[in-house]
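Novice: Before I ask anything, let me first share the structure, which is written out below as structure tokens.
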Amino acid sequence: MSGANRVAVVGVGQTKYAAVRGDVSLAGLLREAAYRALADAHLTMDDIDAIIVGKAPDFFEGVMMPEGYLAEALGAVGKPLFRVHTAGSVGGSTAIVAASHIESGVHERVLTIGWEMQSCSEAMWALSFPLPFQQQLVAGAGGYFAPYIREYMRRSDAPDDIGILVALKDRLNALKNPYAHLHEPDITYDSVKESFMLWEPIRYSETCPSSDGAIALVLAGEQAAEASAASTGVAPAWIHGTSMRSEPAMASGRDQVSPQASRDCAADVYQQAGITNPRQQVDVVEMYVPFSWYEPMWLESLGFAEVNAGWKMTESGATQRTGDLPVNCSGGVLSTNPIGASGMIRFGEAAMQVRNQAGDHQIDGARVAVGHAYGGAAQFFAMWVVGSAKP
Amino acid sequence: MAPTRDVAIVSFAQSDHRRAASDTNEVEMIQPVIHGALDKIGAKIADIGFTCSGSSDYLAGQAFSFVMTLDAVGAFPPIMESHVEMDGAWALYEAWLKIQAGHADTALVYGYSKASPGDLPRVLSRQLDPYYYGPLWPDSVALAGLQARAMLDAGLITEAEMAGIAHRSREAARGNPHAQIKGSAPIDQLLAEDYLSDPLRVHDVPPITDGGAAIVLAAGDRAREWVDRPAWIRGIDHRIDSHNLGARDLTAAPSAKLAGEKAGIGAGAVDVAELHAPFTHQEKILTTALGLGGSTVINPSGGPLAANPVMGAGLIRLGEVANRIMDGEANRGVAHATSGHLLQQNLVAVLEGDA
Amino acid sequence: MPPADTDTDRTVSEMPDGLWSMPQPTVPAPIADVAEPIQRIRVPASMHYRYTPGTAPTRFLLGLAEKKILGERDPVNGDVYVPPRGMSPVVGLPTTEQVELSDHGSLAAFCVVHIGFGVNAPPTPFVSALVLLDGAATSVYGTLLEIPIEEVRIGMRVEAVWVDDAELTTSFENIRYWRPLDEPDVPAATLQGHM
């Protein structure tokens with residue numbers, strides 16, 4: 001931290017994620033997460049100074065700038081209400097913007113929510129309906145990323161099944177996360193391998209689902225965080241660093257396998273948090289892996305593994321819950337993906353780990369955790385480092 | 001704890017606003033504006049610590065529409081950058097927070113839209129409660145008409161006053177080279193026109209505009225390195241009211257009043273105010289809410305009645321006040337931005353030059 | 001109060017009274033036996049947009065109508081962008097100099113697609129290709145045909161297959177697909193940074 005006011009996560013609340021949350025309205029979905037976070041923090045809406053909301057394209061719900069209609073539902077009347085949209089990284093960048101509301105000295109306690117209700121519309125359409133004068137990507141969303149995955153495989157000489165290992169791990173981890181969308185108790189290596197091949201090498205079981213859901217965090221300044229912790233008996237997750245980086249989609253010299261924005265974002269947040277050896281100093285990671293192979297790829301550009309060696313970390317079991325750097329104990333994006341929420345779920349799960357709140361998917365003794373989100377054409381990156389100790 | 005850094009607007013650029021920039025796409029439209037703001041102070045992207053923009057996918061008719069616009073910035077090597085699905089005024093607020101938090105000393109902010117591709121009043125009808133209001137498809141002008149009717153019936157404004165606001169604004173716009181509508185027919189002629197959407201006439205509604213704006217922020221000494229007379233942001237705040245049209249008094253804007261108080265309007269004289277009142281009657285609501293009057297010059301740029309690029313019009317108000325401070329024309333000013341229908345959400349900034 | 005849990009989560013704490021300071025609305029008892037509760041409403045929406053390609057894309061599309069592929073040059077670094085979007089994203093400046101590129105290039109990246117998207121998708125499985133045209137700095141999308149899928153490799157040389165002249169329009173669809181060229185492969189490493 002740059003000497004600014006300290007900020008901590010003192011409350012986390014999530015909805016049960018599902019393909020269709022037909023039991024709640026848009027307002028109901030957000031409130032489910034919001035009041036769980038407030039209850040977690042032993043706070044009420046009256047204690048909240050500002051509300052910061054993030055989500056992806058509004059076509060998912062068919063409502064333009066829906067936070068306006070949600071003002072009352074969020075207890076925002078008479079308060080500042082803010083809406084972030086940075087594509088897939090939005091959940092992460094929203095949490096970072098929320099933190100800046102306190103770091104700046106303006107507010108003491110804020111509520112931040114990342115959400116998406118993808119069942120309202122046809123999600124694939126909302127994500128990328130075709131436009132005239134632009135080339136249509138007939139391969140679909142996964143087809144955009146698969147060529148870069150192939151290139152990673154070529155450069156790193158990785159065995160063909162690394163992706164299968166990641167998907168299996170994340171989906172099995174999800175079984176220990178009651179909120180996760182996909183619970184597949186019968187999943188096996190073979191069932192992943194035999195699932196329908198979509199965009200080689202990505203199979204159906206190696207692809208994120210489309211989900212409805214919301215996650216809310218309560219962030220507090222130092223004094224408010226200590227007061228909340230004294231009341232709840234749960235330690236705050238202190239923010240040790242936040243960073244965001246963006247690069248253009250089609251710049252000459254871009255490397256979509258290991259984007260410079262990814263590397264720069266990680267370097268910045270580690271420097272803020274005093275992390276010089278990420279593999280050693282970080283206890284647990286929640287990273288944004290929507291297609292299986294992005295785990296080894298991000299392990300490299302986020303500095304946990306050497307170039308072309310990320311797959312070895314995955315293959316060795318290092319990223320399992322039993323390994324030395326557990327990744328995506330929550331089940332990750334591969335198990336739950338309301339796009340507007342997914343980045344904040346990573347950030348929130350990292351906070352839960354260092355607060356010892358992750359229940360059945362808790363990593364014992366986790367004290368330093370990384371939350372990571374990315375979006376667009378692997379071009380927008382947001383990260384934070386949280387810890388049980390004050391920075 | 002309070003924010004401690006002195007942050008100023010040091011540069012402002014805007015497009016030549018027009019009904020339809022049919023030749024350029026959004027990227028080509030905003031690029032000269034972004035670089036115009038940088039060039040004015042001889043800055044490069046490498047001098048900018050944080051970039052933030054405001055735009056809307058629904059206006060563009062494209063998901064993730066802001067992503068392409070990043071091409072206009074020159075974001076390689078990668079930059080610290082963010083985006084809000086709100087008017088650029090709120091992107092400026094995010095940048096201001098970033099600087100206050102110590103993560104940057106300088107920021108580039110831009111806001112823009114092309115309303116011309118879609119049918120704007122219809123597009124804006126999607127910005128409504130999807131269960132109760134949206135399915136009725138009330139367009140933005142009709143909704144504003146409800147508010148104007150409430151004002152008229154409460155005796156808070158007259159049609160002649162509304163026409164007077166339109167006339168004053170568009171006549172003032174003659175002095176604004178970027179304005180879309182410059183000049184106005186005389187008031188009696190305006191009042192003789194048929195209603196567009198009773199009680200609103202054409203002159204009461206903003207134009208449909210393609211355009212945008214960009215602003216550079218800088219802290220402390222950095223601001224002074226770039227300009228002799230920075231426009232310091234002495235206070236900035238934003239608040240929101242209920243969305244429910246039946247649940248609030250449409251003739252008032254409590255969130256604007258509150259934001260104004262929090263921003264510290266009352267701490268001194270206000271030489272100039274730029275108010276984001278897209279409809280004539282809304283200017284009266286805002287001057288009442290913000291306690292403005294007397295010698296304060298309102299919307300010398302012509303305001304949104306002269307050019308209203310959605311997602312940029314609020315940011316432009318900040319820039320117009322800043323320009324007048326930087327030019328020495330004014331010492332202290334108020335800039336206001338609004339979002340949502342009928343002044344639901346409001347941002348107020350107090351800007352001041354060095355004594 | 002939260003709705004009755006239909007989910008499997010039981011770790012959620014009970015919401016204490018007074019958590020929300022706003023008053024709870026009085027909800028009338030459901031009209032059971034008479035009507036089904038309304039859980040969803042269907043709100044059809046349609047809007048029309050008239051898109052502008054922009055100045056640079058217009059130049060590009062007009063060129064395509066004449067079977068020309070016109071990239072545009074970054075005014076500082078000289079890189080040629082295709083399809084041009086108006087700016088060099090590296091410098092944030094307009095590209096203005098047009099560069100006519102050949103319709104020959106190298107396969108910079110690809111994947112095999114088993115589920116197409118959109119009305120123009122070819123029969124599956126097909127190869128979705130990123131082709132780096134000779135002289136360009138960024139790749140164009142396309143599909144690669146006339147080659148067994150297992151023989152496709154990064155670095156292979158390809159050329160465009162156009163529609164008949166009579167079918168040419170101002171659109172990418174003028175290029176039906178890409179097919180192999182009988183030329184030696186280029187090293188994959190030379191394609192990094194251009195895909």
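All residue names refer to the structure tokens as shown: chains lettered A, B, ... in order, residues numbered from 1 in each chain, ligands numbered from 1 in order.
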Near Thr52 of chain C, within 7 Å and counting only C-alpha atoms, which residues show up once chain neighbours fewer than 3 positions away are dropped, as a list in words?
Specialist: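 What passes the distance filter is Ser22, Asp23, Thr24 and Asn25 of chain B.
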Novice: Export C-alpha atoms of the chosen residues as an mmCIF file, in the first residue's frame?
Specialist:
```cif
data_model
loop_
_atom_site.group_PDB
_atom_site.id
_atom_site.type_symbol
_atom_site.label_atom_id
_atom_site.label_comp_id
_atom_site.auth_asym_id
_atom_site.auth_seq_id
_atom_site.Cartn_x
_atom_site.Cartn_y
_atom_site.Cartn_z
ATOM 1 C CA SER B 22 -22.001 9.228 -39.634
ATOM 2 C CA ASP B 23 -18.581 9.069 -41.174
ATOM 3 C CA THR B 24 -16.656 8.142 -38.037
ATOM 4 C CA ASN B 25 -17.075 5.304 -35.620
#
```
Novice: Can you list, as a ChimeraX atom specification, every residue of segment 213-246 of chain B that DSSP puts in strand (DSSP E)?
Specialist: /B:213-219,231-240
Novice: Residues of chain A were defined as contacting chain B if any atom lay at most 8 Å from it, counting only C-alpha atoms; please report them as a ChimeraX atom specification.
Specialist: /A:2-5,56-59,62-66,68-72,76-87,93,97,100-101,103-107,126-129,131,243-249,251,260-261,264,376
Novice: From a DSSP calculation on the backbone, collect every residue of segment 75-300 of chain A in alpha helix (DSSP H) and output the set as an MDAnalysis selection string.
Specialist: chainID A and resid 90:103 123:128 140:156 162:174 189:193 222:232 260:273 278:281 294:300
Novice: Using only C-alpha atoms, find each residue of chain C with at least one atom at most 6 Å away from an atom of chain B; report its shortest atom-to-atom pair and that distance in Å (one decimal), sort the rows by chain and rising residue number, and return the result as a tab-separated table.
Specialist:
```
residue	atom	partner	partner_atom	distance
C:Tyr49	CA	B:Gly118	CA	4.4
C:Arg50	CA	B:Pro117	CA	4.5
C:Tyr51	CA	B:Pro117	CA	5.5
C:Thr52	CA	B:Asn25	CA	5.8
C:Gly54	CA	B:Thr24	CA	4.1
C:Thr55	CA	B:Thr24	CA	5.4
C:Pro89	CA	B:Asp71	CA	4.0
C:Val90	CA	B:Gly74	CA	4.6
C:Val91	CA	B:Gly74	CA	4.2
C:Gly92	CA	B:Gly74	CA	3.8
```
Novice: Quote the spacing between atom CA of Arg149 of chain B and atom CA of Lys284 of chain B in Å to one decimal place.
Specialist: 13.4 Å
Novice: Should the cut-off be 8 Å, what would the residue list for chain A against chain C look like, counting only C-alpha atoms, as a PyMOL selection string?
Specialist: chain A and resi 16+22-24+32+35-36+39-40+43-46+75+132-135+137-140+143+146-148+150-151+178-179+197-201+248+250-256
Novice: Considering only C-alpha atoms, return as a PyMOL selection string whatever protein or nucleic-acid residues lie within 7 Å of segment 171-173 of chain B, sequence-local ones (same chain, fewer than 3 positions apart) excluded.
Specialist: chain B and resi 167-168+176+179+182-184+300-302+306
Novice: Can you tell me, as a ChimeraX atom specification, what residues are no more than 8 Å from Ala98 of chain A when counting only C-alpha atoms, ignoring any on the same chain fewer than 2 positions away?
Specialist: /A:51-52,94-96,100-102,110-112,219
Novice: For the selection you just gave me, I'd like the residues written to a file as a CSV table (one decimal), in the first residue's frame, keeping C-alpha atoms.
Specialist:
```
chain,number,residue,atom,x,y,z
A,51,ILE,CA,-22.5,1.3,-2.9
A,52,ILE,CA,-20.3,0.2,-5.8
A,94,THR,CA,-15.2,-3.1,-9.0
A,95,ALA,CA,-13.7,-4.3,-5.7
A,96,ILE,CA,-10.6,-2.2,-6.4
A,100,SER,CA,-10.4,3.4,-3.4
A,101,HIS,CA,-13.5,4.9,-1.9
A,102,ILE,CA,-11.9,4.2,1.5
A,110,VAL,CA,-18.7,0.6,1.5
A,111,LEU,CA,-20.8,-2.2,0.1
A,112,THR,CA,-19.6,-3.6,-3.3
A,219,LEU,CA,-15.1,-3.1,2.9
```
Novice: Using only C-alpha atoms, which of B:His336, B:His276, B:Arg248, B:Arg18 sits nearest Ala150 of chain B?
Specialist: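 For Ala150 of chain B, the nearest of the given residues is B:Arg248.
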Novice: Skipping near chain neighbours, those fewer than 2 positions away, what residues fall within 8 Å of segment 204-209 of chain A using only C-alpha atoms, listed as number ranges by chain?
Specialist: A: 19, 142, 163-164, 166-167, 182, 192, 195-198, 202, 211, 290-292, 333-337
